[in-house]
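Take a look at the structure set out below.
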Amino acid sequence: MYLTTRGLVLRVTDYNDKDALLTLLTGENGKLTVKARGLRRKNSPLVAPCQLLSYGEFTLFEYRGMYTVNEASAIELFSGLRRDLPKLSLGTYFAQVAEVLSQEDMPNPELLSLTLNCMYALSRLEIACEMTKAVFELRAACLAGYQPALFGCHVCGSQTPDRFDIAQGRLECSGCRSAGSDGIRMPVNTDVVQAMQYIVYCSPKKLFSFQLGAENLEMLSSITEAYLTTQLERGFSTLDFYKSLLLTG
């Protein structure tokens, strides 16, 4: 049986001396693991569409429960991010998160659209990497079922809370924290809260239509990173590599 689908290559794993396994994120079929025969050979026609972070159209042949790439053509290679190591490392972080959040045979067009939009932003748009990172992390957390409560202190209702509870995903005032209350609270201000509200509730086509100063953008990125990794209860090696590049750069 043949299946034609469009997908983003999230992972490429060596299978043997000639072949590789691809992890694809598709809109209609969710995450798929497919074999790319001859991909590791020189001059393979599959090299471009089957490389990491390539978005393409794939014709797959299913045999005994395993998909094999029969044909593939690249739609978008995101060449802009491939020329910039920090952007490339950030893109691989997005791919790793998407792989964790997606499931086999479970349609997830929203996650695919988010990941592609953020890859496009890294590759083509003049947007700070920290903004793209924050948008992806917070929106991905929402798609995973962890939408934060962002309208006022959850204790007193004040509209000027100054803390965000990372574990509970809610705002509070510093004076409202109960004695002995566990969990990390990170400082926020009105501008950062409004940016978080915008990211959560805006149209997918307008994800990057907001502005923040450098200091607030750094605060936002720190919060979204901590929130996503806390909710997923795991770290990401690709994120660690990206942050190491920032330190050495």
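Just so we're on the same page: first chain in the structure tokens is A, next is B, and so on; residues restart at 1 for each chain, and ligands are numbered from 1 in the order they show up.
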Alpha helix (DSSP H) residues, from DSSP on the backbone, in stretch 26-166 of chain A, as a PyMOL selection string:
chain A and resi 79-82+85-101+109-124+129-143
Pick out the residues sitting within 7 Å of A:Thr132, and hand them over as a ChimeraX atom specification; count only C-alpha atoms, and ignore anything fewer than 3 positions along from it in its own chain.
/A:118,121,128-129,135-136
Please dump the current selection as a PDB file, in the first residue's frame; keep N, CA and C atoms.
ATOM      1  N   CYS A 118       7.795  28.314  13.086  1.00  0.00           N
ATOM      2  CA  CYS A 118       8.970  28.744  13.841  1.00  0.00           C
ATOM      3  C   CYS A 118      10.258  28.469  13.065  1.00  0.00           C
ATOM      4  N   ALA A 121      10.428  31.288  10.635  1.00  0.00           N
ATOM      5  CA  ALA A 121      10.859  32.515  11.304  1.00  0.00           C
ATOM      6  C   ALA A 121      12.374  32.535  11.495  1.00  0.00           C
ATOM      7  N   ALA A 128      14.362  38.065  16.549  1.00  0.00           N
ATOM      8  CA  ALA A 128      15.324  37.553  17.524  1.00  0.00           C
ATOM      9  C   ALA A 128      15.051  36.082  17.816  1.00  0.00           C
ATOM     10  N   CYS A 129      16.108  35.316  17.913  1.00  0.00           N
ATOM     11  CA  CYS A 129      15.962  33.885  18.198  1.00  0.00           C
ATOM     12  C   CYS A 129      15.207  33.649  19.503  1.00  0.00           C
ATOM     13  N   VAL A 135       7.974  31.832  21.669  1.00  0.00           N
ATOM     14  CA  VAL A 135       6.709  31.542  20.998  1.00  0.00           C
ATOM     15  C   VAL A 135       6.518  30.036  20.862  1.00  0.00           C
ATOM     16  N   PHE A 136       7.558  29.359  20.393  1.00  0.00           N
ATOM     17  CA  PHE A 136       7.438  27.909  20.209  1.00  0.00           C
ATOM     18  C   PHE A 136       7.174  27.209  21.537  1.00  0.00           C
TER      19      PHE A 136
END
Step one, run DSSP on the backbone; step two, keep only residues of stretch 94-171 of chain A assigned to strand (DSSP E); then write them as a ChimeraX atom specification.
/A:163-165,170-171
Write the residues you've just listed into a file as a compact mmCIF listing (two decimals), in the first residue's frame, and include N, CA, C and O atoms for each of them.
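out08.txt, freshly written:
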# COMPACT_ATOMS: atom_id res chain seq x y z
N ARG A 163 4.70 37.51 39.83
CA ARG A 163 5.35 36.20 39.85
C ARG A 163 4.56 35.23 38.96
O ARG A 163 3.34 35.36 38.81
N PHE A 164 5.29 34.25 38.38
CA PHE A 164 4.63 33.18 37.63
C PHE A 164 5.05 31.85 38.23
O PHE A 164 6.25 31.55 38.35
N ASP A 165 4.06 31.08 38.66
CA ASP A 165 4.29 29.77 39.26
C ASP A 165 4.55 28.76 38.13
O ASP A 165 3.65 28.40 37.38
N ARG A 170 0.43 29.54 36.74
CA ARG A 170 -0.50 30.60 37.11
C ARG A 170 0.26 31.78 37.71
O ARG A 170 1.39 31.64 38.17
N LEU A 171 -0.39 32.93 37.69
CA LEU A 171 0.20 34.16 38.18
C LEU A 171 -0.16 34.38 39.64
O LEU A 171 -1.21 33.93 40.12
Contacts of A:Gly27 at 12 Å or less, counting only C-alpha atoms, minus same-chain residues fewer than 4 places along, as JSON, numbers by chain?
{"A": [4, 5, 6, 7, 8, 31, 32, 55, 57, 102, 103, 104, 105, 106, 107, 108, 109, 110, 111, 112, 113, 114, 115, 116]}
What's around A:Leu212 at 12 Å? Count only C-alpha atoms, leave out sequence neighbours fewer than 6 positions away in its own chain, and write the answer as a list in words.
Ile127, Ala128, Glu130, Met131, Ala134, Asn189, Thr190, Asp191, Val192, Val193, Gln194, Ala195, Met196, Tyr198, Glu218, Met219, Leu220 and Ser221 of chain A
Using N, CA, C and O atoms, can you write the selected residues to a file as an mmCIF file, in the first residue's frame?
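Generated output (result.cif):
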data_model
loop_
_atom_site.group_PDB
_atom_site.id
_atom_site.type_symbol
_atom_site.label_atom_id
_atom_site.label_comp_id
_atom_site.auth_asym_id
_atom_site.auth_seq_id
_atom_site.Cartn_x
_atom_site.Cartn_y
_atom_site.Cartn_z
ATOM 1 N N ILE A 127 13.762 38.185 13.071
ATOM 2 C CA ILE A 127 13.209 38.098 14.423
ATOM 3 C C ILE A 127 14.272 37.525 15.347
ATOM 4 O O ILE A 127 14.992 36.589 14.981
ATOM 5 N N ALA A 128 14.362 38.065 16.549
ATOM 6 C CA ALA A 128 15.324 37.553 17.524
ATOM 7 C C ALA A 128 15.051 36.082 17.816
ATOM 8 O O ALA A 128 13.894 35.664 17.952
ATOM 9 N N GLU A 130 15.438 34.502 20.486
ATOM 10 C CA GLU A 130 14.777 34.317 21.775
ATOM 11 C C GLU A 130 13.264 34.502 21.660
ATOM 12 O O GLU A 130 12.503 33.869 22.386
ATOM 13 N N MET A 131 12.826 35.367 20.740
ATOM 14 C CA MET A 131 11.386 35.524 20.540
ATOM 15 C C MET A 131 10.801 34.265 19.903
ATOM 16 O O MET A 131 9.752 33.760 20.342
ATOM 17 N N ALA A 134 10.646 31.536 22.510
ATOM 18 C CA ALA A 134 9.580 31.721 23.495
ATOM 19 C C ALA A 134 8.209 31.390 22.901
ATOM 20 O O ALA A 134 7.376 30.750 23.545
ATOM 21 N N ASN A 189 6.550 40.937 34.693
ATOM 22 C CA ASN A 189 5.991 42.276 34.755
ATOM 23 C C ASN A 189 4.829 42.357 33.778
ATOM 24 O O ASN A 189 4.524 41.388 33.064
ATOM 25 N N THR A 190 4.183 43.489 33.718
ATOM 26 C CA THR A 190 2.985 43.624 32.896
ATOM 27 C C THR A 190 3.269 43.351 31.418
ATOM 28 O O THR A 190 2.483 42.674 30.738
ATOM 29 N N ASP A 191 4.372 43.851 30.917
ATOM 30 C CA ASP A 191 4.696 43.653 29.500
ATOM 31 C C ASP A 191 4.892 42.179 29.161
ATOM 32 O O ASP A 191 4.432 41.702 28.117
ATOM 33 N N VAL A 192 5.570 41.454 30.038
ATOM 34 C CA VAL A 192 5.820 40.039 29.794
ATOM 35 C C VAL A 192 4.519 39.245 29.886
ATOM 36 O O VAL A 192 4.264 38.347 29.070
ATOM 37 N N VAL A 193 3.685 39.565 30.851
ATOM 38 C CA VAL A 193 2.389 38.877 30.975
ATOM 39 C C VAL A 193 1.544 39.117 29.729
ATOM 40 O O VAL A 193 0.917 38.183 29.190
ATOM 41 N N GLN A 194 1.525 40.333 29.244
ATOM 42 C CA GLN A 194 0.748 40.631 28.036
ATOM 43 C C GLN A 194 1.298 39.880 26.829
ATOM 44 O O GLN A 194 0.525 39.418 25.975
ATOM 45 N N ALA A 195 2.616 39.746 26.752
ATOM 46 C CA ALA A 195 3.217 38.971 25.657
ATOM 47 C C ALA A 195 2.814 37.506 25.755
ATOM 48 O O ALA A 195 2.500 36.866 24.739
ATOM 49 N N MET A 196 2.796 36.956 26.963
ATOM 50 C CA MET A 196 2.377 35.568 27.158
ATOM 51 C C MET A 196 0.914 35.389 26.770
ATOM 52 O O MET A 196 0.552 34.401 26.120
ATOM 53 N N TYR A 198 -0.708 37.121 24.620
ATOM 54 C CA TYR A 198 -0.785 37.232 23.170
ATOM 55 C C TYR A 198 -0.397 35.911 22.506
ATOM 56 O O TYR A 198 -1.091 35.417 21.611
ATOM 57 N N GLU A 218 14.294 38.486 27.237
ATOM 58 C CA GLU A 218 15.100 37.495 27.966
ATOM 59 C C GLU A 218 14.302 36.893 29.113
ATOM 60 O O GLU A 218 14.349 35.685 29.358
ATOM 61 N N MET A 219 13.538 37.730 29.812
ATOM 62 C CA MET A 219 12.683 37.241 30.898
ATOM 63 C C MET A 219 11.633 36.278 30.365
ATOM 64 O O MET A 219 11.400 35.196 30.931
ATOM 65 N N LEU A 220 10.992 36.655 29.255
ATOM 66 C CA LEU A 220 9.970 35.808 28.643
ATOM 67 C C LEU A 220 10.540 34.463 28.237
ATOM 68 O O LEU A 220 9.945 33.408 28.523
ATOM 69 N N SER A 221 11.685 34.467 27.590
ATOM 70 C CA SER A 221 12.300 33.224 27.125
ATOM 71 C C SER A 221 12.678 32.310 28.286
ATOM 72 O O SER A 221 12.522 31.085 28.205
#
For A:Leu150, which of A:Ser123, A:Asp182, A:Glu225, A:Tyr201 is the closest residue, counting only C-alpha atoms?
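The closest residue to A:Leu150 is A:Tyr201.
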Hey, which of A:Thr13, A:Val69, A:Ser237, A:Glu137 ends up closest to A:Arg37? Count only C-alpha atoms.
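The closest residue to A:Arg37 is A:Val69.
When the distance limit is 9 Å and only C-alpha atoms are what count, the residues near A:Ala74, minus those fewer than 6 positions from it on the same chain, are Ala48, Pro49, Cys50, Ser54, Tyr55, Gly56, Glu57 and Phe58 of chain A.
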Output N, CA and C atoms of each residue in that selection to a file, as a PDB file, in the first residue's frame.
ATOM      1  N   ALA A  48      18.547  15.497  -0.165  1.00  0.00           N
ATOM      2  CA  ALA A  48      17.956  16.803   0.151  1.00  0.00           C
ATOM      3  C   ALA A  48      16.621  16.681   0.890  1.00  0.00           C
ATOM      4  N   PRO A  49      15.638  15.953   0.365  1.00  0.00           N
ATOM      5  CA  PRO A  49      14.343  15.908   1.057  1.00  0.00           C
ATOM      6  C   PRO A  49      14.357  15.124   2.359  1.00  0.00           C
ATOM      7  N   CYS A  50      15.376  14.276   2.550  1.00  0.00           N
ATOM      8  CA  CYS A  50      15.398  13.424   3.745  1.00  0.00           C
ATOM      9  C   CYS A  50      16.396  13.887   4.793  1.00  0.00           C
ATOM     10  N   SER A  54      14.193  19.067   7.021  1.00  0.00           N
ATOM     11  CA  SER A  54      13.642  19.300   5.690  1.00  0.00           C
ATOM     12  C   SER A  54      12.142  19.003   5.708  1.00  0.00           C
ATOM     13  N   TYR A  55      11.394  19.855   5.025  1.00  0.00           N
ATOM     14  CA  TYR A  55       9.961  19.632   4.863  1.00  0.00           C
ATOM     15  C   TYR A  55       9.718  19.229   3.416  1.00  0.00           C
ATOM     16  N   GLY A  56       9.067  18.100   3.226  1.00  0.00           N
ATOM     17  CA  GLY A  56       8.903  17.606   1.861  1.00  0.00           C
ATOM     18  C   GLY A  56       7.668  16.759   1.685  1.00  0.00           C
ATOM     19  N   GLU A  57       7.505  16.292   0.465  1.00  0.00           N
ATOM     20  CA  GLU A  57       6.422  15.364   0.134  1.00  0.00           C
ATOM     21  C   GLU A  57       7.021  13.983  -0.048  1.00  0.00           C
ATOM     22  N   PHE A  58       6.445  13.007   0.626  1.00  0.00           N
ATOM     23  CA  PHE A  58       6.989  11.659   0.640  1.00  0.00           C
ATOM     24  C   PHE A  58       5.941  10.666   0.142  1.00  0.00           C
TER      25      PHE A  58
END
Write out as an mmCIF file with N, CA and C atoms, in the first residue's frame each polymer residue whose atoms come within 10 Å of stretch 240-245 of chain A, counting only C-alpha atoms; drop sequence neighbours fewer than 2 positions from it.
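Result file selection16.cif:
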data_model
loop_
_atom_site.group_PDB
_atom_site.id
_atom_site.type_symbol
_atom_site.label_atom_id
_atom_site.label_comp_id
_atom_site.auth_asym_id
_atom_site.auth_seq_id
_atom_site.Cartn_x
_atom_site.Cartn_y
_atom_site.Cartn_z
ATOM 1 N N LEU A 85 24.779 28.486 12.971
ATOM 2 C CA LEU A 85 24.792 27.367 13.923
ATOM 3 C C LEU A 85 23.830 27.557 15.090
ATOM 4 N N PRO A 86 23.755 28.722 15.738
ATOM 5 C CA PRO A 86 22.754 28.877 16.805
ATOM 6 C C PRO A 86 21.326 28.663 16.311
ATOM 7 N N LYS A 87 20.996 29.187 15.118
ATOM 8 C CA LYS A 87 19.652 28.984 14.578
ATOM 9 C C LYS A 87 19.414 27.512 14.253
ATOM 10 N N LEU A 88 20.413 26.855 13.707
ATOM 11 C CA LEU A 88 20.282 25.432 13.391
ATOM 12 C C LEU A 88 20.078 24.616 14.667
ATOM 13 N N SER A 89 20.830 24.940 15.708
ATOM 14 C CA SER A 89 20.682 24.207 16.973
ATOM 15 C C SER A 89 19.318 24.468 17.594
ATOM 16 N N LEU A 90 18.798 25.692 17.436
ATOM 17 C CA LEU A 90 17.467 26.000 17.954
ATOM 18 C C LEU A 90 16.403 25.239 17.165
ATOM 19 N N GLY A 91 16.602 25.141 15.854
ATOM 20 C CA GLY A 91 15.677 24.361 15.036
ATOM 21 C C GLY A 91 15.652 22.897 15.428
ATOM 22 N N THR A 92 16.810 22.332 15.743
ATOM 23 C CA THR A 92 16.843 20.927 16.171
ATOM 24 C C THR A 92 16.184 20.753 17.535
ATOM 25 N N TYR A 93 16.250 21.787 18.363
ATOM 26 C CA TYR A 93 15.523 21.762 19.641
ATOM 27 C C TYR A 93 14.016 21.719 19.391
ATOM 28 N N GLY A 235 14.516 17.373 30.306
ATOM 29 C CA GLY A 235 15.340 18.348 29.627
ATOM 30 C C GLY A 235 15.545 17.933 28.178
ATOM 31 N N PHE A 236 16.287 18.763 27.440
ATOM 32 C CA PHE A 236 16.537 18.498 26.028
ATOM 33 C C PHE A 236 18.004 18.773 25.723
ATOM 34 N N SER A 237 18.683 17.773 25.188
ATOM 35 C CA SER A 237 20.110 17.920 24.879
ATOM 36 C C SER A 237 20.330 19.010 23.836
ATOM 37 N N THR A 238 19.393 19.151 22.909
ATOM 38 C CA THR A 238 19.522 20.167 21.873
ATOM 39 C C THR A 238 19.419 21.575 22.464
ATOM 40 N N LEU A 247 26.758 30.957 25.304
ATOM 41 C CA LEU A 247 27.788 31.252 26.300
ATOM 42 C C LEU A 247 29.156 31.444 25.653
ATOM 43 N N THR A 248 29.449 30.644 24.646
ATOM 44 C CA THR A 248 30.767 30.730 23.989
ATOM 45 C C THR A 248 30.782 31.818 22.928
ATOM 46 N N GLY A 249 29.578 32.238 22.477
ATOM 47 C CA GLY A 249 29.522 33.262 21.447
ATOM 48 C C GLY A 249 29.712 34.637 22.010
#
